[in-house]
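What follows is model-v3.pdb (PDB, C-alpha atoms).
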```pdb
MODEL        1
ATOM      1  CA  MET A   1     -35.971 -60.202  45.897  1.00  0.00           C
ATOM      2  CA  ARG A   2     -35.692 -56.645  44.693  1.00  0.00           C
ATOM      3  CA  ALA A   3     -34.259 -55.698  41.339  1.00  0.00           C
ATOM      4  CA  ARG A   4     -33.281 -52.253  40.279  1.00  0.00           C
ATOM      5  CA  VAL A   5     -32.836 -51.260  36.650  1.00  0.00           C
ATOM      6  CA  LEU A   6     -31.097 -47.974  36.053  1.00  0.00           C
ATOM      7  CA  VAL A   7     -31.627 -46.577  32.570  1.00  0.00           C
ATOM      8  CA  ARG A   8     -29.459 -43.718  31.361  1.00  0.00           C
ATOM      9  CA  LEU A   9     -28.904 -41.978  28.053  1.00  0.00           C
ATOM     10  CA  LYS A  10     -25.577 -42.983  26.535  1.00  0.00           C
ATOM     11  CA  ARG A  11     -22.806 -40.473  27.151  1.00  0.00           C
ATOM     12  CA  GLU A  12     -22.687 -39.403  23.500  1.00  0.00           C
ATOM     13  CA  VAL A  13     -26.433 -38.656  23.356  1.00  0.00           C
ATOM     14  CA  LEU A  14     -27.550 -35.108  24.081  1.00  0.00           C
ATOM     15  CA  ASP A  15     -29.763 -34.802  27.168  1.00  0.00           C
ATOM     16  CA  PRO A  16     -32.005 -31.734  26.826  1.00  0.00           C
ATOM     17  CA  GLN A  17     -33.874 -32.621  30.036  1.00  0.00           C
ATOM     18  CA  GLY A  18     -30.600 -32.693  31.945  1.00  0.00           C
ATOM     19  CA  GLU A  19     -29.583 -29.401  30.383  1.00  0.00           C
ATOM     20  CA  ALA A  20     -32.911 -27.883  31.482  1.00  0.00           C
ATOM     21  CA  VAL A  21     -32.233 -29.115  35.024  1.00  0.00           C
ATOM     22  CA  ARG A  22     -28.743 -27.578  34.969  1.00  0.00           C
ATOM     23  CA  ARG A  23     -30.102 -24.215  33.867  1.00  0.00           C
ATOM     24  CA  ALA A  24     -32.876 -24.322  36.446  1.00  0.00           C
ATOM     25  CA  LEU A  25     -30.297 -25.017  39.170  1.00  0.00           C
ATOM     26  CA  VAL A  26     -28.282 -22.008  38.043  1.00  0.00           C
ATOM     27  CA  ALA A  27     -31.494 -19.939  38.115  1.00  0.00           C
ATOM     28  CA  LEU A  28     -32.055 -21.179  41.691  1.00  0.00           C
ATOM     29  CA  GLY A  29     -28.681 -19.720  42.595  1.00  0.00           C
ATOM     30  CA  ILE A  30     -26.894 -23.054  42.814  1.00  0.00           C
ATOM     31  CA  ASP A  31     -23.549 -22.589  41.139  1.00  0.00           C
ATOM     32  CA  GLY A  32     -20.934 -25.221  40.535  1.00  0.00           C
ATOM     33  CA  ILE A  33     -23.104 -27.706  38.654  1.00  0.00           C
ATOM     34  CA  ARG A  34     -21.034 -28.650  35.639  1.00  0.00           C
ATOM     35  CA  ASP A  35     -23.357 -31.200  34.140  1.00  0.00           C
ATOM     36  CA  ALA A  36     -26.740 -32.792  34.804  1.00  0.00           C
ATOM     37  CA  ARG A  37     -28.178 -35.948  33.273  1.00  0.00           C
ATOM     38  CA  VAL A  38     -31.613 -37.386  33.894  1.00  0.00           C
ATOM     39  CA  GLY A  39     -32.366 -41.102  33.820  1.00  0.00           C
ATOM     40  CA  LYS A  40     -35.000 -43.504  35.057  1.00  0.00           C
ATOM     41  CA  ILE A  41     -34.994 -46.147  37.671  1.00  0.00           C
ATOM     42  CA  ILE A  42     -37.338 -49.120  37.631  1.00  0.00           C
ATOM     43  CA  GLU A  43     -37.652 -50.992  40.906  1.00  0.00           C
ATOM     44  CA  LEU A  44     -39.136 -54.474  40.770  1.00  0.00           C
ATOM     45  CA  GLU A  45     -40.294 -56.874  43.471  1.00  0.00           C
ATOM     46  CA  VAL A  46     -39.404 -60.259  42.054  1.00  0.00           C
ATOM     47  CA  ASP A  47     -40.323 -63.831  43.000  1.00  0.00           C
ATOM     48  CA  MET A  48     -37.664 -65.797  41.091  1.00  0.00           C
ATOM     49  CA  ALA A  49     -34.379 -67.575  41.590  1.00  0.00           C
ATOM     50  CA  PRO A  50     -31.514 -65.031  41.304  1.00  0.00           C
ATOM     51  CA  GLU A  51     -29.995 -66.499  38.096  1.00  0.00           C
ATOM     52  CA  LEU A  52     -33.367 -66.582  36.377  1.00  0.00           C
ATOM     53  CA  ALA A  53     -34.144 -63.068  37.630  1.00  0.00           C
ATOM     54  CA  GLN A  54     -30.896 -61.673  36.204  1.00  0.00           C
ATOM     55  CA  GLN A  55     -31.604 -63.250  32.835  1.00  0.00           C
ATOM     56  CA  GLN A  56     -35.278 -62.309  32.653  1.00  0.00           C
ATOM     57  CA  ILE A  57     -34.725 -58.761  33.796  1.00  0.00           C
ATOM     58  CA  GLU A  58     -31.951 -58.355  31.259  1.00  0.00           C
ATOM     59  CA  ARG A  59     -34.412 -59.443  28.596  1.00  0.00           C
ATOM     60  CA  ALA A  60     -36.992 -56.986  29.961  1.00  0.00           C
ATOM     61  CA  ALA A  61     -34.455 -54.159  29.987  1.00  0.00           C
ATOM     62  CA  LYS A  62     -33.392 -54.810  26.401  1.00  0.00           C
ATOM     63  CA  SER A  63     -36.853 -55.145  24.954  1.00  0.00           C
ATOM     64  CA  LEU A  64     -39.003 -52.895  27.110  1.00  0.00           C
ATOM     65  CA  LEU A  65     -37.357 -50.729  29.749  1.00  0.00           C
ATOM     66  CA  ALA A  66     -34.482 -49.213  27.779  1.00  0.00           C
ATOM     67  CA  ASN A  67     -33.975 -48.184  24.180  1.00  0.00           C
ATOM     68  CA  PRO A  68     -30.586 -49.789  23.442  1.00  0.00           C
ATOM     69  CA  VAL A  69     -29.939 -47.400  20.558  1.00  0.00           C
ATOM     70  CA  ILE A  70     -29.649 -44.395  22.838  1.00  0.00           C
ATOM     71  CA  GLU A  71     -29.712 -45.796  26.374  1.00  0.00           C
ATOM     72  CA  ASP A  72     -27.560 -47.961  28.618  1.00  0.00           C
ATOM     73  CA  PHE A  73     -28.913 -49.967  31.514  1.00  0.00           C
ATOM     74  CA  GLU A  74     -27.555 -51.421  34.706  1.00  0.00           C
ATOM     75  CA  ILE A  75     -29.235 -54.170  36.749  1.00  0.00           C
ATOM     76  CA  THR A  76     -28.764 -54.647  40.478  1.00  0.00           C
ATOM     77  CA  LEU A  77     -30.321 -57.501  42.426  1.00  0.00           C
ATOM     78  CA  GLU A  78     -30.823 -57.270  46.180  1.00  0.00           C
ATOM     79  CA  ASN A  79     -31.927 -60.104  48.393  1.00  0.00           C
ATOM     80  CA  ASP A  80     -34.538 -59.205  50.968  1.00  0.00           C
ATOM     81  CA  SER A  81     -32.878 -59.175  54.315  1.00  0.00           C
TER      82      SER A  81
ATOM     83  CA  MET B   1     -17.601 -34.762  42.654  1.00  0.00           C
ATOM     84  CA  ARG B   2     -20.663 -36.638  41.441  1.00  0.00           C
ATOM     85  CA  ALA B   3     -24.029 -36.389  43.084  1.00  0.00           C
ATOM     86  CA  ARG B   4     -26.934 -38.668  42.482  1.00  0.00           C
ATOM     87  CA  VAL B   5     -30.498 -37.763  43.372  1.00  0.00           C
ATOM     88  CA  LEU B   6     -32.970 -40.618  43.321  1.00  0.00           C
ATOM     89  CA  VAL B   7     -36.583 -39.474  43.176  1.00  0.00           C
ATOM     90  CA  ARG B   8     -39.342 -41.974  43.859  1.00  0.00           C
ATOM     91  CA  LEU B   9     -43.071 -41.777  44.396  1.00  0.00           C
ATOM     92  CA  LYS B  10     -43.954 -42.258  48.046  1.00  0.00           C
ATOM     93  CA  ARG B  11     -45.062 -45.806  48.897  1.00  0.00           C
ATOM     94  CA  GLU B  12     -48.660 -44.735  49.494  1.00  0.00           C
ATOM     95  CA  VAL B  13     -48.968 -43.005  46.111  1.00  0.00           C
ATOM     96  CA  LEU B  14     -50.335 -45.048  43.209  1.00  0.00           C
ATOM     97  CA  ASP B  15     -47.838 -45.521  40.387  1.00  0.00           C
ATOM     98  CA  PRO B  16     -49.726 -46.079  37.114  1.00  0.00           C
ATOM     99  CA  GLN B  17     -46.476 -46.027  35.111  1.00  0.00           C
ATOM    100  CA  GLY B  18     -45.079 -48.805  37.296  1.00  0.00           C
ATOM    101  CA  GLU B  19     -48.299 -50.765  36.916  1.00  0.00           C
ATOM    102  CA  ALA B  20     -48.056 -50.397  33.125  1.00  0.00           C
ATOM    103  CA  VAL B  21     -44.494 -51.747  33.287  1.00  0.00           C
ATOM    104  CA  ARG B  22     -45.638 -54.713  35.395  1.00  0.00           C
ATOM    105  CA  ARG B  23     -48.370 -55.579  32.919  1.00  0.00           C
ATOM    106  CA  ALA B  24     -46.020 -55.211  29.965  1.00  0.00           C
ATOM    107  CA  LEU B  25     -43.562 -57.587  31.650  1.00  0.00           C
ATOM    108  CA  VAL B  26     -46.326 -60.147  32.123  1.00  0.00           C
ATOM    109  CA  ALA B  27     -47.253 -59.702  28.448  1.00  0.00           C
ATOM    110  CA  LEU B  28     -43.573 -60.341  27.586  1.00  0.00           C
ATOM    111  CA  GLY B  29     -43.874 -63.684  29.365  1.00  0.00           C
ATOM    112  CA  ILE B  30     -41.908 -62.628  32.431  1.00  0.00           C
ATOM    113  CA  ASP B  31     -43.755 -64.005  35.418  1.00  0.00           C
ATOM    114  CA  GLY B  32     -42.925 -63.479  39.045  1.00  0.00           C
ATOM    115  CA  ILE B  33     -42.908 -59.684  39.038  1.00  0.00           C
ATOM    116  CA  ARG B  34     -44.971 -58.750  42.060  1.00  0.00           C
ATOM    117  CA  ASP B  35     -44.585 -54.991  41.848  1.00  0.00           C
ATOM    118  CA  ALA B  36     -42.921 -52.365  39.683  1.00  0.00           C
ATOM    119  CA  ARG B  37     -42.296 -48.714  40.517  1.00  0.00           C
ATOM    120  CA  VAL B  38     -40.745 -46.135  38.240  1.00  0.00           C
ATOM    121  CA  GLY B  39     -38.628 -43.244  39.494  1.00  0.00           C
ATOM    122  CA  LYS B  40     -36.082 -40.796  38.192  1.00  0.00           C
ATOM    123  CA  ILE B  41     -32.428 -40.382  38.764  1.00  0.00           C
ATOM    124  CA  ILE B  42     -30.626 -37.082  38.334  1.00  0.00           C
ATOM    125  CA  GLU B  43     -26.843 -37.306  38.082  1.00  0.00           C
ATOM    126  CA  LEU B  44     -24.876 -34.133  38.647  1.00  0.00           C
ATOM    127  CA  GLU B  45     -21.231 -33.245  38.136  1.00  0.00           C
ATOM    128  CA  VAL B  46     -20.515 -30.843  40.941  1.00  0.00           C
ATOM    129  CA  ASP B  47     -17.652 -28.456  41.702  1.00  0.00           C
ATOM    130  CA  MET B  48     -18.243 -27.747  45.402  1.00  0.00           C
ATOM    131  CA  ALA B  49     -17.033 -28.714  48.838  1.00  0.00           C
ATOM    132  CA  PRO B  50     -18.908 -31.846  49.994  1.00  0.00           C
ATOM    133  CA  GLU B  51     -20.792 -30.155  52.883  1.00  0.00           C
ATOM    134  CA  LEU B  52     -21.946 -27.334  50.651  1.00  0.00           C
ATOM    135  CA  ALA B  53     -22.865 -29.803  47.913  1.00  0.00           C
ATOM    136  CA  GLN B  54     -25.043 -31.850  50.278  1.00  0.00           C
ATOM    137  CA  GLN B  55     -26.861 -28.741  51.449  1.00  0.00           C
ATOM    138  CA  GLN B  56     -27.307 -27.167  48.020  1.00  0.00           C
ATOM    139  CA  ILE B  57     -28.435 -30.372  46.378  1.00  0.00           C
ATOM    140  CA  GLU B  58     -30.921 -30.956  49.160  1.00  0.00           C
ATOM    141  CA  ARG B  59     -32.324 -27.511  48.453  1.00  0.00           C
ATOM    142  CA  ALA B  60     -32.439 -28.316  44.724  1.00  0.00           C
ATOM    143  CA  ALA B  61     -34.189 -31.622  45.384  1.00  0.00           C
ATOM    144  CA  LYS B  62     -36.832 -30.023  47.597  1.00  0.00           C
ATOM    145  CA  SER B  63     -37.607 -27.100  45.350  1.00  0.00           C
ATOM    146  CA  LEU B  64     -36.984 -28.426  41.856  1.00  0.00           C
ATOM    147  CA  LEU B  65     -36.158 -32.087  41.379  1.00  0.00           C
ATOM    148  CA  ALA B  66     -38.813 -33.727  43.528  1.00  0.00           C
ATOM    149  CA  ASN B  67     -42.378 -32.893  44.453  1.00  0.00           C
ATOM    150  CA  PRO B  68     -42.284 -33.421  48.228  1.00  0.00           C
ATOM    151  CA  VAL B  69     -46.057 -33.907  48.399  1.00  0.00           C
ATOM    152  CA  ILE B  70     -45.934 -37.166  46.480  1.00  0.00           C
ATOM    153  CA  GLU B  71     -42.230 -37.987  46.117  1.00  0.00           C
ATOM    154  CA  ASP B  72     -39.291 -38.909  48.325  1.00  0.00           C
ATOM    155  CA  PHE B  73     -35.689 -38.297  47.393  1.00  0.00           C
ATOM    156  CA  GLU B  74     -32.320 -39.718  48.328  1.00  0.00           C
ATOM    157  CA  ILE B  75     -28.984 -37.982  47.740  1.00  0.00           C
ATOM    158  CA  THR B  76     -25.678 -39.795  47.298  1.00  0.00           C
ATOM    159  CA  LEU B  77     -22.356 -38.001  46.899  1.00  0.00           C
ATOM    160  CA  GLU B  78     -19.404 -39.752  45.299  1.00  0.00           C
ATOM    161  CA  ASN B  79     -15.912 -38.368  45.180  1.00  0.00           C
ATOM    162  CA  ASP B  80     -14.145 -38.755  41.869  1.00  0.00           C
ATOM    163  CA  SER B  81     -11.528 -41.412  42.288  1.00  0.00           C
TER     164      SER B  81
ENDMDL
END
```
Just dump the structure as structure tokens.
Amino acid sequence: MRARVLVRLKREVLDPQGEAVRRALVALGIDGIRDARVGKIIELEVDMAPELAQQQIERAAKSLLANPVIEDFEITLENDS
Amino acid sequence: MRARVLVRLKREVLDPQGEAVRRALVALGIDGIRDARVGKIIELEVDMAPELAQQQIERAAKSLLANPVIEDFEITLENDS
């Protein structure tokens, strides 16, 4: 199974990296970008039952992959097809 | 409109950050993780027509957001609902 953990800064947290991206896009001549935010994605290949995977990956996200003080995370599980 | 650019290392490129995550998960007692890869996600709020947005964001991805030598990117556009 594949699991995807998306980690983003919370909305209320300033994102200087995103702001740098926005400015660089303007400098590239790309107008019309109102906002840019940068996050991480962690893709895992998992050998576990889906319920266990959800629970374990949630634990991993809380304690290792995201900083819950300033970041939100979102877990998606995908069965191999 | 929202645009999402997912930037990942190409499959054939070693991902030491992903490997560090995998080891840390094992150390946390989470078994059954076969592989971990870390990428970035750039989320943009865009004021453009969809066709223009696709084209401009592709240009941005190639020249700024991703390093095409070692990274692949994927663009998703979402209309505000």
**Request:** Provide the atom CA of B:Ala49 to atom CA of B:Ala61 distance in Å, to one decimal place.
**Result:**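 That distance, rounded to one decimal, is 17.7 Å.
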Expected answer as a CSV table (one decimal) with C-alpha atoms, keeping the file's coordinate frame: chain B residues within 10 Å of chain A, all atoms listed in the file:
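Produced file result_17.csv, reproduced below:
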```csv
chain,number,residue,atom,x,y,z
B,1,MET,CA,-17.6,-34.8,42.7
B,2,ARG,CA,-20.7,-36.6,41.4
B,3,ALA,CA,-24.0,-36.4,43.1
B,4,ARG,CA,-26.9,-38.7,42.5
B,5,VAL,CA,-30.5,-37.8,43.4
B,6,LEU,CA,-33.0,-40.6,43.3
B,7,VAL,CA,-36.6,-39.5,43.2
B,8,ARG,CA,-39.3,-42.0,43.9
B,17,GLN,CA,-46.5,-46.0,35.1
B,18,GLY,CA,-45.1,-48.8,37.3
B,21,VAL,CA,-44.5,-51.7,33.3
B,22,ARG,CA,-45.6,-54.7,35.4
B,24,ALA,CA,-46.0,-55.2,30.0
B,25,LEU,CA,-43.6,-57.6,31.6
B,28,LEU,CA,-43.6,-60.3,27.6
B,29,GLY,CA,-43.9,-63.7,29.4
B,30,ILE,CA,-41.9,-62.6,32.4
B,31,ASP,CA,-43.8,-64.0,35.4
B,32,GLY,CA,-42.9,-63.5,39.0
B,33,ILE,CA,-42.9,-59.7,39.0
B,34,ARG,CA,-45.0,-58.8,42.1
B,35,ASP,CA,-44.6,-55.0,41.8
B,36,ALA,CA,-42.9,-52.4,39.7
B,37,ARG,CA,-42.3,-48.7,40.5
B,38,VAL,CA,-40.7,-46.1,38.2
B,39,GLY,CA,-38.6,-43.2,39.5
B,40,LYS,CA,-36.1,-40.8,38.2
B,41,ILE,CA,-32.4,-40.4,38.8
B,42,ILE,CA,-30.6,-37.1,38.3
B,43,GLU,CA,-26.8,-37.3,38.1
B,44,LEU,CA,-24.9,-34.1,38.6
B,45,GLU,CA,-21.2,-33.2,38.1
B,46,VAL,CA,-20.5,-30.8,40.9
B,47,ASP,CA,-17.7,-28.5,41.7
B,48,MET,CA,-18.2,-27.7,45.4
B,49,ALA,CA,-17.0,-28.7,48.8
B,53,ALA,CA,-22.9,-29.8,47.9
B,56,GLN,CA,-27.3,-27.2,48.0
B,57,ILE,CA,-28.4,-30.4,46.4
B,59,ARG,CA,-32.3,-27.5,48.5
B,60,ALA,CA,-32.4,-28.3,44.7
B,61,ALA,CA,-34.2,-31.6,45.4
B,63,SER,CA,-37.6,-27.1,45.4
B,64,LEU,CA,-37.0,-28.4,41.9
B,65,LEU,CA,-36.2,-32.1,41.4
```
**Message:** One number please: atom CA of B:Glu12 to atom CA of B:Glu71, in Å, one decimal.
**Reply:**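 Result for atom CA of B:Glu12 versus atom CA of B:Glu71: 9.9 Å, one decimal.
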**Message:** Counting only C-alpha atoms, which residue out of B:Asp15, B:Lys62, B:Pro50, B:Gln55 sits closest to B:Asp80?
**Reply:**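 Once distances to B:Asp80 are computed over only C-alpha atoms, the minimum belongs to B:Pro50.
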Over every C-alpha pair, in sequence order, do a least-squares fit of chain B onto chain A and save the fitted chain as a CSV table (one decimal) with C-alpha atoms, in the frame of the given file.
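Once written, selection.csv looks like this:
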```
chain,number,residue,atom,x,y,z
B,1,MET,CA,-36.0,-60.2,45.9
B,2,ARG,CA,-35.7,-56.6,44.7
B,3,ALA,CA,-34.3,-55.7,41.3
B,4,ARG,CA,-33.3,-52.3,40.3
B,5,VAL,CA,-32.8,-51.3,36.6
B,6,LEU,CA,-31.1,-48.0,36.1
B,7,VAL,CA,-31.6,-46.6,32.6
B,8,ARG,CA,-29.5,-43.7,31.4
B,9,LEU,CA,-28.9,-42.0,28.1
B,10,LYS,CA,-25.6,-43.0,26.5
B,11,ARG,CA,-22.8,-40.5,27.2
B,12,GLU,CA,-22.7,-39.4,23.5
B,13,VAL,CA,-26.4,-38.7,23.4
B,14,LEU,CA,-27.6,-35.1,24.1
B,15,ASP,CA,-29.8,-34.8,27.2
B,16,PRO,CA,-32.0,-31.7,26.8
B,17,GLN,CA,-33.9,-32.6,30.0
B,18,GLY,CA,-30.6,-32.7,31.9
B,19,GLU,CA,-29.6,-29.4,30.4
B,20,ALA,CA,-32.9,-27.9,31.5
B,21,VAL,CA,-32.2,-29.1,35.0
B,22,ARG,CA,-28.7,-27.6,35.0
B,23,ARG,CA,-30.1,-24.2,33.9
B,24,ALA,CA,-32.9,-24.3,36.4
B,25,LEU,CA,-30.3,-25.0,39.2
B,26,VAL,CA,-28.3,-22.0,38.0
B,27,ALA,CA,-31.5,-19.9,38.1
B,28,LEU,CA,-32.1,-21.2,41.7
B,29,GLY,CA,-28.7,-19.7,42.6
B,30,ILE,CA,-26.9,-23.1,42.8
B,31,ASP,CA,-23.5,-22.6,41.1
B,32,GLY,CA,-20.9,-25.2,40.5
B,33,ILE,CA,-23.1,-27.7,38.7
B,34,ARG,CA,-21.0,-28.6,35.6
B,35,ASP,CA,-23.4,-31.2,34.1
B,36,ALA,CA,-26.7,-32.8,34.8
B,37,ARG,CA,-28.2,-36.0,33.3
B,38,VAL,CA,-31.6,-37.4,33.9
B,39,GLY,CA,-32.4,-41.1,33.8
B,40,LYS,CA,-35.0,-43.5,35.1
B,41,ILE,CA,-35.0,-46.1,37.7
B,42,ILE,CA,-37.3,-49.1,37.6
B,43,GLU,CA,-37.7,-51.0,40.9
B,44,LEU,CA,-39.1,-54.5,40.8
B,45,GLU,CA,-40.3,-56.9,43.5
B,46,VAL,CA,-39.4,-60.3,42.1
B,47,ASP,CA,-40.3,-63.8,43.0
B,48,MET,CA,-37.7,-65.8,41.1
B,49,ALA,CA,-34.4,-67.6,41.6
B,50,PRO,CA,-31.5,-65.0,41.3
B,51,GLU,CA,-30.0,-66.5,38.1
B,52,LEU,CA,-33.4,-66.6,36.4
B,53,ALA,CA,-34.1,-63.1,37.6
B,54,GLN,CA,-30.9,-61.7,36.2
B,55,GLN,CA,-31.6,-63.2,32.8
B,56,GLN,CA,-35.3,-62.3,32.7
B,57,ILE,CA,-34.7,-58.8,33.8
B,58,GLU,CA,-32.0,-58.3,31.3
B,59,ARG,CA,-34.4,-59.4,28.6
B,60,ALA,CA,-37.0,-57.0,30.0
B,61,ALA,CA,-34.5,-54.2,30.0
B,62,LYS,CA,-33.4,-54.8,26.4
B,63,SER,CA,-36.8,-55.1,24.9
B,64,LEU,CA,-39.0,-52.9,27.1
B,65,LEU,CA,-37.3,-50.7,29.7
B,66,ALA,CA,-34.5,-49.2,27.8
B,67,ASN,CA,-34.0,-48.2,24.2
B,68,PRO,CA,-30.6,-49.8,23.4
B,69,VAL,CA,-29.9,-47.4,20.6
B,70,ILE,CA,-29.7,-44.4,22.8
B,71,GLU,CA,-29.7,-45.8,26.4
B,72,ASP,CA,-27.6,-48.0,28.6
B,73,PHE,CA,-28.9,-50.0,31.5
B,74,GLU,CA,-27.5,-51.4,34.7
B,75,ILE,CA,-29.2,-54.2,36.8
B,76,THR,CA,-28.8,-54.6,40.5
B,77,LEU,CA,-30.3,-57.5,42.4
B,78,GLU,CA,-30.8,-57.2,46.2
B,79,ASN,CA,-31.9,-60.1,48.4
B,80,ASP,CA,-34.5,-59.2,51.0
B,81,SER,CA,-32.8,-59.2,54.3
```
**Prompt:** So what do you get for atom CA of A:Pro16 versus atom CA of B:Asp72, distance-wise?
**Reply:** 23.8 Å
